[in-house]
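Student: Pasting entry.cif below, which is mmCIF, C-alpha atoms.
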data_structure
loop_
_atom_site.label_atom_id
_atom_site.label_comp_id
_atom_site.auth_asym_id
_atom_site.auth_seq_id
_atom_site.Cartn_x
_atom_site.Cartn_y
_atom_site.Cartn_z
CA MET A 1 0.00 0.00 0.00
CA ASN A 2 1.43 3.36 -1.05
CA ARG A 3 0.50 5.97 1.57
CA HIS A 4 0.60 8.71 -1.06
CA GLN A 5 -2.16 6.97 -3.01
CA THR A 6 -4.59 6.43 -0.17
CA ARG A 7 -7.05 8.82 1.38
CA PRO A 8 -8.43 9.25 4.90
CA LYS A 9 -11.26 6.90 5.78
CA LEU A 10 -14.19 7.23 8.14
CA LEU A 11 -15.10 4.18 10.18
CA THR A 12 -18.41 4.48 12.01
CA GLY A 13 -19.99 2.46 14.76
CA MET A 14 -18.27 -0.54 16.27
CA GLY A 15 -16.86 -2.81 13.63
CA ARG A 16 -18.34 -1.32 10.45
CA ARG A 17 -16.27 0.27 7.73
CA THR A 18 -17.87 2.88 5.48
CA LYS A 19 -16.76 4.11 2.09
CA ASP A 20 -14.21 6.89 1.89
CA ALA A 21 -14.36 9.97 -0.31
CA ASP A 22 -13.57 8.10 -3.52
CA ASN A 23 -15.94 5.19 -2.69
CA SER A 24 -13.04 2.84 -2.12
CA HIS A 25 -13.29 -0.08 0.29
CA GLU A 26 -9.53 -0.55 0.61
CA SER A 27 -8.72 -1.97 4.03
CA VAL A 28 -5.71 -1.04 6.09
CA PRO A 29 -3.47 -4.03 6.92
CA TRP A 30 -3.79 -4.91 10.57
CA ARG A 31 -2.78 -7.76 12.84
CA SER A 32 -4.21 -7.78 16.33
CA GLY A 33 -1.67 -7.63 19.11
CA ASP A 34 1.03 -5.79 17.15
CA ALA A 35 0.19 -2.42 18.66
CA ASN A 36 -0.70 -1.14 22.09
CA LEU A 37 -4.26 0.03 21.48
CA HIS A 38 -5.62 2.66 23.81
CA ASN A 39 -8.65 0.65 24.95
CA ALA A 40 -10.49 -2.60 24.46
CA ALA A 41 -13.34 -1.07 22.47
CA LEU A 42 -10.95 0.32 19.90
CA ASP A 43 -9.13 -3.00 19.81
CA ALA A 44 -12.39 -4.80 19.10
CA THR A 45 -13.23 -2.36 16.34
CA PHE A 46 -9.93 -2.89 14.59
CA ARG A 47 -10.13 -6.67 14.95
CA SER A 48 -13.36 -6.56 12.97
CA CYS A 49 -12.47 -3.78 10.52
CA PHE A 50 -9.02 -4.58 9.25
CA SER A 51 -7.57 -7.56 7.49
CA PRO A 52 -4.16 -9.09 8.28
CA PRO A 53 -1.23 -9.12 8.09
CA ALA A 54 1.05 -6.16 8.81
CA ALA A 55 2.99 -5.29 11.93
CA LEU A 56 2.06 -1.89 13.40
CA ARG A 57 3.72 -0.16 16.31
CA LEU A 58 2.61 2.72 18.49
CA CYS A 59 4.98 5.61 17.76
CA ALA A 60 6.63 7.90 20.28
CA SER A 61 4.51 10.85 19.19
CA CYS A 62 1.36 9.01 20.17
CA ARG A 63 2.77 7.72 23.45
CA ASP A 64 3.94 11.19 24.46
CA SER A 65 1.06 13.39 23.37
CA SER A 66 -1.98 11.32 22.42
CA GLY A 67 -3.83 12.69 25.42
CA GLY A 68 -3.76 16.25 24.13
CA ARG A 69 -4.73 18.97 26.62
CA SER A 70 -7.22 16.91 28.56
CA GLY A 71 -4.83 14.07 29.26
CA GLU A 72 -7.37 11.55 27.96
CA PRO A 73 -6.22 9.23 25.17
CA GLN A 74 -7.87 10.32 21.94
CA VAL A 75 -5.61 9.18 19.16
CA GLY A 76 -3.34 6.33 18.15
CA VAL A 77 -0.53 6.89 15.66
CA PHE A 78 0.71 3.67 14.11
CA ARG A 79 3.89 3.11 12.11
CA MET A 80 3.97 0.72 9.18
CA HIS A 81 6.97 -0.60 7.27
CA ASN A 82 6.12 1.75 4.37
CA GLY A 83 4.19 4.61 5.95
CA ALA A 84 2.07 5.70 8.87
CA PHE A 85 -1.48 6.45 9.73
CA CYS A 86 -3.34 8.05 12.60
CA ILE A 87 -6.44 6.63 14.25
CA SER A 88 -8.68 9.11 16.04
CA ARG A 89 -12.02 8.70 17.77
CA ARG A 90 -14.59 11.49 17.47
CA SER A 91 -17.90 10.63 19.10
CA ARG A 92 -18.66 7.06 17.88
CA SER A 93 -16.62 7.40 14.68
CA ILE A 94 -13.06 6.40 13.92
CA TYR A 95 -11.00 8.35 11.40
CA ILE A 96 -7.91 7.18 9.59
CA THR A 97 -5.39 9.80 8.45
CA TYR A 98 -2.22 8.86 6.58
CA MET A 99 0.97 10.72 7.45
CA TYR A 100 4.53 11.46 6.43
CA ASN A 101 7.64 12.57 8.30
CA ALA A 102 8.88 16.16 8.25
CA LYS A 103 12.02 17.80 9.63
CA ALA A 104 11.50 20.42 12.31
CA TYR A 105 12.96 22.24 15.31
CA SER A 106 11.20 21.77 18.63
CA ALA A 107 11.54 22.51 22.34
CA ALA A 108 11.21 19.58 24.73
CA SER A 109 10.50 21.73 27.80
CA ALA A 110 10.28 25.33 28.97
CA THR A 111 14.00 25.37 29.71
CA SER A 112 15.22 23.36 26.73
CA PRO A 113 16.77 24.86 23.61
CA LEU A 114 15.13 24.26 20.27
CA THR A 115 16.72 21.26 18.57
CA SER A 116 16.34 19.24 15.41
CA THR A 117 13.59 16.62 15.40
CA THR A 118 11.18 14.71 13.16
CA ILE A 119 7.44 15.28 13.30
CA SER A 120 4.40 13.78 11.61
CA ARG A 121 2.33 15.69 9.08
CA ARG A 122 -0.91 14.38 7.61
CA ASP A 123 -1.01 13.50 3.95
CA PRO A 124 -3.14 16.11 2.16
CA THR A 125 -6.82 15.31 1.75
CA GLU A 126 -8.93 16.61 -1.14
CA GLN A 127 -9.36 19.95 0.72
CA ASP A 128 -5.71 20.36 1.75
CA VAL A 129 -2.68 22.18 0.44
CA GLN A 130 0.79 20.79 1.13
CA ILE A 131 3.47 23.49 1.34
CA GLU A 132 7.24 23.36 1.33
CA ILE A 133 8.16 26.06 3.85
CA LEU A 134 10.76 28.47 2.49
CA TYR A 135 10.80 31.08 5.27
CA CYS A 136 9.26 31.37 8.71
CA GLY A 137 9.32 34.54 10.75
CA ILE A 138 10.11 34.54 14.47
CA CYS A 139 7.36 36.19 16.49
CA HIS A 140 7.80 37.24 20.12
CA SER A 141 4.86 34.97 20.93
CA ASP A 142 7.00 32.03 19.77
CA LEU A 143 9.40 32.77 22.60
CA HIS A 144 6.57 33.17 25.13
CA GLN A 145 5.00 29.88 24.04
CA VAL A 146 8.24 27.88 23.95
CA ARG A 147 9.09 29.03 27.49
CA ASN A 148 5.53 28.46 28.73
CA GLU A 149 5.20 32.08 29.80
CA TRP A 150 1.49 32.06 28.97
CA SER A 151 0.76 29.04 31.16
CA GLY A 152 -2.25 30.74 32.74
CA VAL A 153 -3.94 31.32 29.40
CA MET A 154 -2.44 28.89 26.91
CA PRO A 155 -0.17 26.32 28.59
CA THR A 156 2.48 24.85 26.33
CA VAL A 157 2.31 21.18 25.37
CA TYR A 158 5.72 19.69 24.63
CA PRO A 159 7.35 18.97 22.30
CA CYS A 160 6.52 22.41 20.90
CA VAL A 161 7.23 23.35 17.27
CA PRO A 162 6.55 27.11 17.01
CA GLY A 163 6.13 29.36 13.99
CA HIS A 164 3.06 31.07 12.49
CA GLU A 165 4.61 33.39 9.92
CA ILE A 166 4.95 30.94 7.04
CA VAL A 167 5.65 31.42 3.35
CA GLY A 168 6.48 28.67 0.93
CA ARG A 169 5.66 26.87 -2.29
CA VAL A 170 2.81 24.46 -2.93
CA THR A 171 4.00 20.90 -3.53
CA LYS A 172 0.61 19.19 -3.63
CA ALA A 173 -3.02 20.30 -3.78
CA GLY A 174 -6.08 18.16 -3.10
CA SER A 175 -8.62 17.44 -5.81
CA ALA A 176 -11.11 19.95 -4.36
CA VAL A 177 -8.56 22.79 -4.07
CA ALA A 178 -9.40 25.54 -6.55
CA LYS A 179 -7.01 28.42 -5.85
CA PHE A 180 -3.67 26.63 -5.59
CA LYS A 181 -1.62 24.29 -7.70
CA PRO A 182 1.89 22.85 -7.29
CA GLY A 183 4.50 25.55 -7.75
CA ASP A 184 2.36 28.43 -6.47
CA LEU A 185 3.58 30.67 -3.67
CA ALA A 186 1.48 30.29 -0.52
CA ALA A 187 1.36 31.55 3.05
CA VAL A 188 -0.05 30.43 6.38
CA GLY A 189 -0.58 32.66 9.40
CA CYS A 190 -1.69 32.17 12.98
CA MET A 191 -4.70 29.93 12.26
CA VAL A 192 -5.14 26.68 10.35
CA ASP A 193 -8.82 26.02 11.05
CA SER A 194 -12.02 27.24 12.70
CA ASP A 195 -15.50 25.79 13.11
CA GLY A 196 -16.76 27.69 10.06
CA THR A 197 -20.32 27.82 11.38
CA CYS A 198 -20.33 30.35 14.23
CA PRO A 199 -21.44 33.97 13.67
CA GLU A 200 -17.82 35.14 13.79
CA CYS A 201 -16.74 32.78 11.01
CA GLN A 202 -19.82 33.63 8.97
CA ALA A 203 -18.82 37.30 9.26
CA GLY A 204 -15.28 36.55 8.06
CA LEU A 205 -13.85 37.13 11.54
CA GLU A 206 -12.30 33.71 12.12
CA GLN A 207 -9.85 35.20 14.62
CA PHE A 208 -12.78 35.48 17.08
CA CYS A 209 -14.12 31.96 16.49
CA PRO A 210 -14.81 30.19 19.82
CA ASN A 211 -13.45 26.94 18.32
CA PRO A 212 -10.26 27.87 16.47
CA THR A 213 -7.23 25.78 15.63
CA PHE A 214 -4.08 27.83 15.88
CA THR A 215 -1.02 26.95 13.85
CA TYR A 216 0.89 25.49 16.77
CA ASN A 217 0.33 24.29 20.33
CA PHE A 218 -3.39 23.79 19.84
CA PRO A 219 -5.38 20.53 19.74
CA ASP A 220 -4.88 18.87 16.37
CA LYS A 221 -8.24 17.49 15.23
CA HIS A 222 -6.58 15.42 12.51
CA LEU A 223 -3.65 13.73 14.26
CA GLY A 224 -4.31 14.31 17.93
CA GLY A 225 -1.81 15.87 20.29
CA VAL A 226 -1.18 19.47 19.28
CA THR A 227 -0.51 21.29 16.05
CA TYR A 228 3.07 21.90 14.94
CA GLY A 229 4.11 25.21 13.43
CA GLY A 230 6.40 26.61 10.78
CA TYR A 231 9.84 25.77 12.17
CA SER A 232 9.63 22.84 9.79
CA ASP A 233 10.32 21.93 6.17
CA GLY A 234 6.65 21.51 5.33
CA ILE A 235 3.06 21.85 6.48
CA VAL A 236 -0.40 20.69 5.35
CA VAL A 237 -3.30 23.11 5.79
CA ASP A 238 -6.95 23.28 4.78
CA GLN A 239 -7.26 25.45 1.67
CA ARG A 240 -9.55 27.90 3.50
CA PHE A 241 -6.58 29.01 5.61
CA VAL A 242 -3.95 29.16 2.89
CA LEU A 243 -3.16 32.61 1.47
CA GLN A 244 -1.81 33.80 -1.86
CA VAL A 245 1.48 35.74 -1.86
CA PRO A 246 2.03 38.53 -4.40
CA ALA A 247 4.86 37.50 -6.71
CA ASN A 248 6.71 40.81 -6.35
CA LEU A 249 7.27 40.48 -2.59
CA GLN A 250 10.64 39.31 -1.29
CA LEU A 251 9.70 36.14 0.59
CA ALA A 252 11.92 36.46 3.66
CA GLY A 253 10.41 39.87 4.35
CA ALA A 254 6.90 38.69 3.50
CA ALA A 255 6.88 35.99 6.19
CA PRO A 256 6.36 38.35 9.19
CA LEU A 257 3.38 39.91 7.42
CA LEU A 258 1.40 36.82 8.47
CA CYS A 259 1.44 37.98 12.11
CA ALA A 260 3.16 41.35 12.60
CA GLY A 261 1.63 42.60 9.38
CA ILE A 262 -1.99 41.64 9.92
CA THR A 263 -1.82 42.54 13.63
CA THR A 264 -1.11 46.17 12.74
CA TYR A 265 -3.11 46.38 9.50
CA SER A 266 -6.38 45.04 10.93
CA PRO A 267 -7.01 47.75 13.58
CA MET A 268 -6.10 50.48 11.12
CA ARG A 269 -8.72 49.22 8.71
CA HIS A 270 -11.26 48.81 11.50
CA TRP A 271 -10.77 52.38 12.74
CA HIS A 272 -10.75 53.80 9.22
CA VAL A 273 -7.22 55.08 8.94
CA THR A 274 -7.15 56.96 5.64
CA LYS A 275 -5.69 60.02 3.99
CA ASP A 276 -5.59 63.16 6.14
CA LYS A 277 -5.99 61.23 9.41
CA LYS A 278 -3.38 61.81 12.11
CA VAL A 279 -2.00 58.51 13.40
CA GLY A 280 0.39 57.80 16.26
CA ILE A 281 2.57 54.70 16.56
CA VAL A 282 3.84 53.95 20.07
CA GLY A 283 7.00 51.87 19.98
CA LEU A 284 9.26 51.18 17.01
CA GLY A 285 9.86 47.43 17.11
CA GLY A 286 8.63 44.38 15.25
CA LEU A 287 5.00 45.51 15.34
CA GLY A 288 5.57 49.26 15.42
CA HIS A 289 7.71 49.41 12.29
CA MET A 290 4.94 47.63 10.35
CA GLY A 291 2.43 50.11 11.78
CA VAL A 292 4.48 53.00 10.42
CA LYS A 293 4.65 51.44 6.95
CA PHE A 294 0.92 50.75 6.78
CA ALA A 295 -0.18 54.14 8.15
CA HIS A 296 2.10 55.90 5.66
CA ALA A 297 0.81 53.80 2.74
CA LEU A 298 -2.79 54.54 3.78
CA GLY A 299 -2.06 58.25 3.44
CA ALA A 300 -2.10 59.25 7.11
CA HIS A 301 0.11 61.81 8.83
CA VAL A 302 2.29 59.50 10.93
CA VAL A 303 3.88 60.36 14.27
CA VAL A 304 6.16 57.84 16.00
CA PHE A 305 6.51 57.90 19.79
CA THR A 306 9.72 56.40 21.12
CA THR A 307 11.89 56.56 24.21
CA SER A 308 15.06 56.16 22.10
CA PRO A 309 16.49 59.25 20.34
CA ASN A 310 18.61 56.99 18.13
CA LYS A 311 15.45 55.59 16.49
CA LYS A 312 14.43 58.93 14.98
CA GLU A 313 16.32 58.47 11.72
CA ASP A 314 14.95 54.97 11.22
CA ALA A 315 11.39 56.08 11.96
CA LEU A 316 11.61 58.76 9.27
CA ARG A 317 13.09 56.25 6.83
CA LEU A 318 10.15 53.89 7.42
CA GLY A 319 7.61 56.62 6.63
CA ALA A 320 7.03 58.68 9.76
CA ASP A 321 6.36 62.40 9.31
CA GLU A 322 7.34 63.26 12.87
CA VAL A 323 9.11 61.59 15.77
CA VAL A 324 8.31 62.45 19.39
CA LEU A 325 10.42 61.47 22.38
CA SER A 326 7.74 60.29 24.79
CA ARG A 327 9.77 61.22 27.87
CA ASN A 328 9.76 64.87 26.81
CA ALA A 329 6.62 66.37 28.35
CA ASP A 330 6.77 69.51 26.22
CA GLU A 331 6.92 67.54 22.98
CA MET A 332 4.00 65.37 24.12
CA GLN A 333 1.90 68.40 25.09
CA LYS A 334 2.26 69.90 21.60
CA HIS A 335 0.16 67.01 20.26
CA ALA A 336 -2.57 67.04 22.93
CA GLY A 337 -6.07 66.34 21.60
CA SER A 338 -4.97 65.95 17.98
CA PHE A 339 -4.84 62.24 17.06
CA ASP A 340 -7.58 60.35 15.25
CA PHE A 341 -5.96 57.00 16.03
CA ILE A 342 -3.00 55.71 18.05
CA LEU A 343 -1.59 52.19 17.70
CA ASP A 344 0.19 51.12 20.89
CA ALA A 345 2.69 48.35 20.13
CA VAL A 346 4.58 48.41 23.44
CA SER A 347 4.65 45.25 25.56
CA ALA A 348 6.42 46.82 28.55
CA ASN A 349 4.56 48.67 31.29
CA HIS A 350 4.02 52.34 30.38
CA ASP A 351 1.75 55.30 31.05
CA ILE A 352 -1.27 54.69 28.81
CA SER A 353 -3.08 57.79 30.09
CA ALA A 354 -0.39 60.00 28.57
CA TYR A 355 -1.43 58.76 25.13
CA ILE A 356 -5.18 58.86 25.80
CA HIS A 357 -4.66 62.57 26.46
CA LEU A 358 -3.35 62.97 22.89
CA LEU A 359 -6.55 61.73 21.25
CA ARG A 360 -9.04 64.13 19.73
CA ARG A 361 -12.77 63.78 20.44
CA ASP A 362 -13.92 60.29 19.43
CA GLY A 363 -10.33 59.24 18.86
CA ASN A 364 -9.24 55.67 19.54
CA LEU A 365 -6.17 54.04 21.01
CA THR A 366 -5.76 50.34 20.17
CA LEU A 367 -3.43 48.03 22.04
CA VAL A 368 -1.57 45.38 20.06
CA GLY A 369 1.27 45.04 22.56
CA ALA A 370 0.47 42.98 25.65
CA PRO A 371 2.15 44.22 28.85
CA GLU A 372 2.50 41.57 31.53
CA LYS A 373 0.88 43.71 34.24
CA PRO A 374 -2.42 45.64 34.05
CA LEU A 375 -2.10 49.21 32.85
CA ALA A 376 -3.31 52.07 35.07
CA LEU A 377 -5.89 54.28 33.36
CA SER A 378 -7.74 57.45 34.34
CA ALA A 379 -11.41 57.08 33.40
CA PHE A 380 -11.81 60.84 32.93
CA GLY A 381 -9.34 60.75 30.06
CA LEU A 382 -11.83 58.61 28.15
CA ILE A 383 -15.04 60.20 29.39
CA MET A 384 -14.32 63.86 28.70
CA GLY A 385 -13.46 63.38 25.04
CA ARG A 386 -15.68 60.38 24.29
CA ARG A 387 -12.42 58.65 23.52
CA SER A 388 -12.07 54.88 23.38
CA LEU A 389 -9.47 52.28 24.28
CA SER A 390 -9.51 48.89 22.61
CA GLY A 391 -7.39 45.89 21.76
CA SER A 392 -6.96 43.94 18.56
CA PRO A 393 -5.51 40.53 17.65
CA ILE A 394 -4.90 39.32 14.09
CA GLY A 395 -7.44 39.69 11.29
CA GLY A 396 -9.70 37.19 9.56
CA ILE A 397 -8.60 35.21 6.53
CA ALA A 398 -10.19 37.55 3.97
CA GLU A 399 -8.66 40.59 5.66
CA THR A 400 -5.27 38.88 5.81
CA GLN A 401 -5.44 38.26 2.07
CA GLU A 402 -6.45 41.91 1.62
CA MET A 403 -3.39 42.92 3.63
CA LEU A 404 -1.08 40.78 1.50
CA ASP A 405 -2.56 42.23 -1.68
CA PHE A 406 -2.12 45.75 -0.26
CA CYS A 407 1.51 44.93 0.49
CA GLY A 408 1.94 43.72 -3.07
CA GLN A 409 0.49 46.97 -4.44
CA HIS A 410 2.69 49.14 -2.20
CA ASN A 411 5.73 46.84 -2.10
CA ILE A 412 5.57 46.55 1.68
CA ILE A 413 7.55 43.88 3.52
CA SER A 414 8.97 43.62 7.01
CA ASP A 415 12.55 44.68 7.67
CA VAL A 416 14.19 41.35 8.49
CA GLU A 417 17.44 39.71 9.41
CA VAL A 418 17.58 36.31 7.72
CA ILE A 419 19.08 33.51 9.81
CA PRO A 420 19.59 29.75 9.46
CA ILE A 421 17.48 27.55 11.71
CA GLN A 422 20.62 26.57 13.62
CA LYS A 423 20.77 30.12 15.06
CA VAL A 424 17.21 30.17 16.37
CA ASN A 425 18.21 29.91 20.04
CA GLU A 426 20.64 32.79 19.65
CA ALA A 427 17.89 34.77 17.95
CA TYR A 428 15.59 34.21 20.94
CA GLU A 429 18.18 35.68 23.29
CA ARG A 430 18.68 38.66 20.99
CA LEU A 431 14.92 39.11 20.76
CA LEU A 432 14.79 39.56 24.53
CA LYS A 433 17.29 42.42 24.17
CA ALA A 434 15.43 43.96 21.19
CA ASP A 435 18.63 43.32 19.24
CA VAL A 436 17.05 43.03 15.78
CA LYS A 437 15.76 45.42 13.12
CA TYR A 438 13.02 44.48 13.09
CA ARG A 439 12.13 40.80 12.73
CA PHE A 440 14.03 37.56 12.29
CA SER A 441 13.15 35.39 9.30
CA ILE A 442 14.38 31.79 9.21
CA ASP A 443 15.65 30.44 5.90
CA MET A 444 14.24 26.94 5.97
CA ALA A 445 16.68 25.71 3.34
CA SER A 446 19.09 25.49 6.28
CA LEU A 447 16.98 22.66 7.72
CA LYS A 448 18.00 20.36 4.86
CA SER A 449 21.43 19.87 6.43
CA GLU A 450 19.94 18.47 9.65
#
Turn this file's structure into structure tokens for me.

Tutor:
Amino acid sequence: MNRHQTRPKLLTGMGRRTKDADNSHESVPWRSGDANLHNAALDATFRSCFSPPAALRLCASCRDSSGGRSGEPQVGVFRMHNGAFCISRRSRSIYITYMYNAKAYSAASATSPLTSTTISRRDPTEQDVQIEILYCGICHSDLHQVRNEWSGVMPTVYPCVPGHEIVGRVTKAGSAVAKFKPGDLAAVGCMVDSDGTCPECQAGLEQFCPNPTFTYNFPDKHLGGVTYGGYSDGIVVDQRFVLQVPANLQLAGAAPLLCAGITTYSPMRHWHVTKDKKVGIVGLGGLGHMGVKFAHALGAHVVVFTTSPNKKEDALRLGADEVVLSRNADEMQKHAGSFDFILDAVSANHDISAYIHLLRRDGNLTLVGAPEKPLALSAFGLIMGRRSLSGSPIGGIAETQEMLDFCGQHNIISDVEVIPIQKVNEAYERLLKADVKYRFSIDMASLKSE
């Protein structure tokens, strides 16, 4: 049996096999007793469903992470002499998904460095796109997740393969895929699935779906365990969450657009940043520098707020019209009550009220940085000017595609330092020191030597 010529099957009930998508009744070789099944009911099902003989073994991935977040066994991953498949139970149904091995870098614990490993990827179904990853950006959230610094909100499941700023080339497209073919450029951002039925998804706001699947460290509904991200040589994603990349964009710089780009573009579109609007950007880092580029391209008058005098020249180069040193009270006062919109990209604790004071009536300040501690805020600063304070995550899939198209039209990419995967741990340490202008982008060709 050639794993690249078979498709996932749905087995329903206890001991009945139904037809798969192409009406085939091909059975998967199975010999009872050759694998450590998770429970007797599943064992009985496979005794009745599959014909002998082939030796199958429970792989390490299944033993280590089959329980997923709940700790309850959900999935079995079985190795064959010429391939692999995954067995998952959803309700009273059993699903078979064929898999292949991919190279990756993962962290084994919160204190472990990222090291070379092999992971399982599902073979593409008729709705899937298989992508050879060419570049993957490093997001600050990768570092937080790898070191389990968000344990109270999103605890890390190890091994963890981070990366949600992915660009690459399509190597295979399922029979139902309409927009992609082998050889096309493609991108994947922070999400790889959603329920598709909730009001948020129906409105094109998948980022607010109550049942999302994020690109890494989230329950994998296909293979069990958790999803693995872009620090890998390939990925398989449902076509609904695969994006087209304008051909004129330099790919290493395009990768961070999938997170840093859409995180700053989305709130500007929501709050109607256009020509003749006055826009402030607080912080000139990985997010802030993208905010400057977008605000400038949208035609706004752009003012950058920074604590570092040595960033003035760079801010002007990126498209700022003015640069204000935020520690200079006189400079800040000159702009009081004048901003239509301020994008706050600072993750450190800072005086948010000082920026609320700069908004005009009905102006908005949106947070995209996430300080560890709660920010102090004077309510009167909001009340007296009918000003508003909000937050914003990424955008939906349609808006992310809109952002990429906008970048293609205006030739916008992130300022990046390209590194080999072997320097990822060094890059994490430099990221903590803000020692990069302004994002790292991993050249995944370097993974071939592992």

Student: State, in Å with one decimal place, the distance from CA of Ser390 (chain A) to CA of Leu365 (chain A).

Tutor: 6.3 Å

Student: So, with all atoms listed in the file as the atoms that count, which of A:Ile119, A:Val346, A:Cys209, A:Leu382 lies closest to Leu359 (chain A)?

Tutor: A:Leu382

Student: Would you please work out which residue, of A:Met268, A:Ala247, A:Val324, A:Cys160, is nearest to Thr227 (chain A) when using only C-alpha atoms?

Tutor: A:Cys160

Student: Could you tell me how far CA of Val416 (chain A) sits from CA of His140 (chain A), in Å to one decimal place?

Tutor: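 Computed distance, CA of His140 (chain A) to CA of Val416 (chain A), equals 13.9 Å.
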
Student: Measuring between all atoms listed in the file, which one of A:Tyr216, A:Phe339, A:Tyr265, A:Trp271 shows the shortest distance to Val292 (chain A)?

Tutor: A:Tyr265

Student: Output region 231-250 of chain A with N, CA and C atoms present, as a PDB file, in the frame of the given file.

Tutor:
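Result file result_39.pdb:
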ATOM      1  N   TYR A 231       8.416  26.093  12.078  1.00  0.00           N
ATOM      2  CA  TYR A 231       9.840  25.770  12.170  1.00  0.00           C
ATOM      3  C   TYR A 231      10.017  24.355  11.636  1.00  0.00           C
ATOM      4  N   SER A 232       9.707  24.165  10.396  1.00  0.00           N
ATOM      5  CA  SER A 232       9.630  22.840   9.790  1.00  0.00           C
ATOM      6  C   SER A 232       9.860  22.982   8.290  1.00  0.00           C
ATOM      7  N   ASP A 233      10.104  21.854   7.617  1.00  0.00           N
ATOM      8  CA  ASP A 233      10.320  21.930   6.170  1.00  0.00           C
ATOM      9  C   ASP A 233       9.029  21.852   5.370  1.00  0.00           C
ATOM     10  N   GLY A 234       7.910  21.576   6.051  1.00  0.00           N
ATOM     11  CA  GLY A 234       6.650  21.510   5.330  1.00  0.00           C
ATOM     12  C   GLY A 234       5.458  21.525   6.261  1.00  0.00           C
ATOM     13  N   ILE A 235       4.290  21.820   5.695  1.00  0.00           N
ATOM     14  CA  ILE A 235       3.060  21.850   6.480  1.00  0.00           C
ATOM     15  C   ILE A 235       1.892  21.542   5.541  1.00  0.00           C
ATOM     16  N   VAL A 236       0.821  20.991   6.103  1.00  0.00           N
ATOM     17  CA  VAL A 236      -0.400  20.690   5.350  1.00  0.00           C
ATOM     18  C   VAL A 236      -1.547  21.441   6.012  1.00  0.00           C
ATOM     19  N   VAL A 237      -2.272  22.240   5.235  1.00  0.00           N
ATOM     20  CA  VAL A 237      -3.300  23.110   5.790  1.00  0.00           C
ATOM     21  C   VAL A 237      -4.540  23.078   4.896  1.00  0.00           C
ATOM     22  N   ASP A 238      -5.703  23.145   5.516  1.00  0.00           N
ATOM     23  CA  ASP A 238      -6.950  23.280   4.780  1.00  0.00           C
ATOM     24  C   ASP A 238      -6.897  24.509   3.888  1.00  0.00           C
ATOM     25  N   GLN A 239      -7.364  24.369   2.650  1.00  0.00           N
ATOM     26  CA  GLN A 239      -7.260  25.450   1.670  1.00  0.00           C
ATOM     27  C   GLN A 239      -7.889  26.760   2.132  1.00  0.00           C
ATOM     28  N   ARG A 240      -8.881  26.685   3.028  1.00  0.00           N
ATOM     29  CA  ARG A 240      -9.550  27.900   3.500  1.00  0.00           C
ATOM     30  C   ARG A 240      -8.601  28.804   4.273  1.00  0.00           C
ATOM     31  N   PHE A 241      -7.501  28.237   4.778  1.00  0.00           N
ATOM     32  CA  PHE A 241      -6.580  29.010   5.610  1.00  0.00           C
ATOM     33  C   PHE A 241      -5.220  29.182   4.951  1.00  0.00           C
ATOM     34  N   VAL A 242      -5.174  28.937   3.662  1.00  0.00           N
ATOM     35  CA  VAL A 242      -3.950  29.160   2.890  1.00  0.00           C
ATOM     36  C   VAL A 242      -4.124  30.446   2.088  1.00  0.00           C
ATOM     37  N   LEU A 243      -3.102  31.275   2.069  1.00  0.00           N
ATOM     38  CA  LEU A 243      -3.160  32.610   1.470  1.00  0.00           C
ATOM     39  C   LEU A 243      -2.237  32.719   0.272  1.00  0.00           C
ATOM     40  N   GLN A 244      -2.620  33.568  -0.668  1.00  0.00           N
ATOM     41  CA  GLN A 244      -1.810  33.800  -1.860  1.00  0.00           C
ATOM     42  C   GLN A 244      -0.822  34.930  -1.599  1.00  0.00           C
ATOM     43  N   VAL A 245       0.407  34.759  -2.068  1.00  0.00           N
ATOM     44  CA  VAL A 245       1.480  35.740  -1.860  1.00  0.00           C
ATOM     45  C   VAL A 245       1.764  36.458  -3.165  1.00  0.00           C
ATOM     46  N   PRO A 246       1.685  37.782  -3.183  1.00  0.00           N
ATOM     47  CA  PRO A 246       2.030  38.530  -4.400  1.00  0.00           C
ATOM     48  C   PRO A 246       3.440  38.186  -4.866  1.00  0.00           C
ATOM     49  N   ALA A 247       3.588  37.972  -6.152  1.00  0.00           N
ATOM     50  CA  ALA A 247       4.860  37.500  -6.710  1.00  0.00           C
ATOM     51  C   ALA A 247       5.985  38.504  -6.565  1.00  0.00           C
ATOM     52  N   ASN A 248       5.658  39.793  -6.419  1.00  0.00           N
ATOM     53  CA  ASN A 248       6.710  40.810  -6.350  1.00  0.00           C
ATOM     54  C   ASN A 248       7.323  40.963  -4.967  1.00  0.00           C
ATOM     55  N   LEU A 249       6.750  40.319  -3.963  1.00  0.00           N
ATOM     56  CA  LEU A 249       7.270  40.480  -2.590  1.00  0.00           C
ATOM     57  C   LEU A 249       8.455  39.562  -2.345  1.00  0.00           C
ATOM     58  N   GLN A 250       9.487  40.115  -1.708  1.00  0.00           N
ATOM     59  CA  GLN A 250      10.640  39.310  -1.290  1.00  0.00           C
ATOM     60  C   GLN A 250      10.181  38.411  -0.152  1.00  0.00           C
TER      61      GLN A 250
END
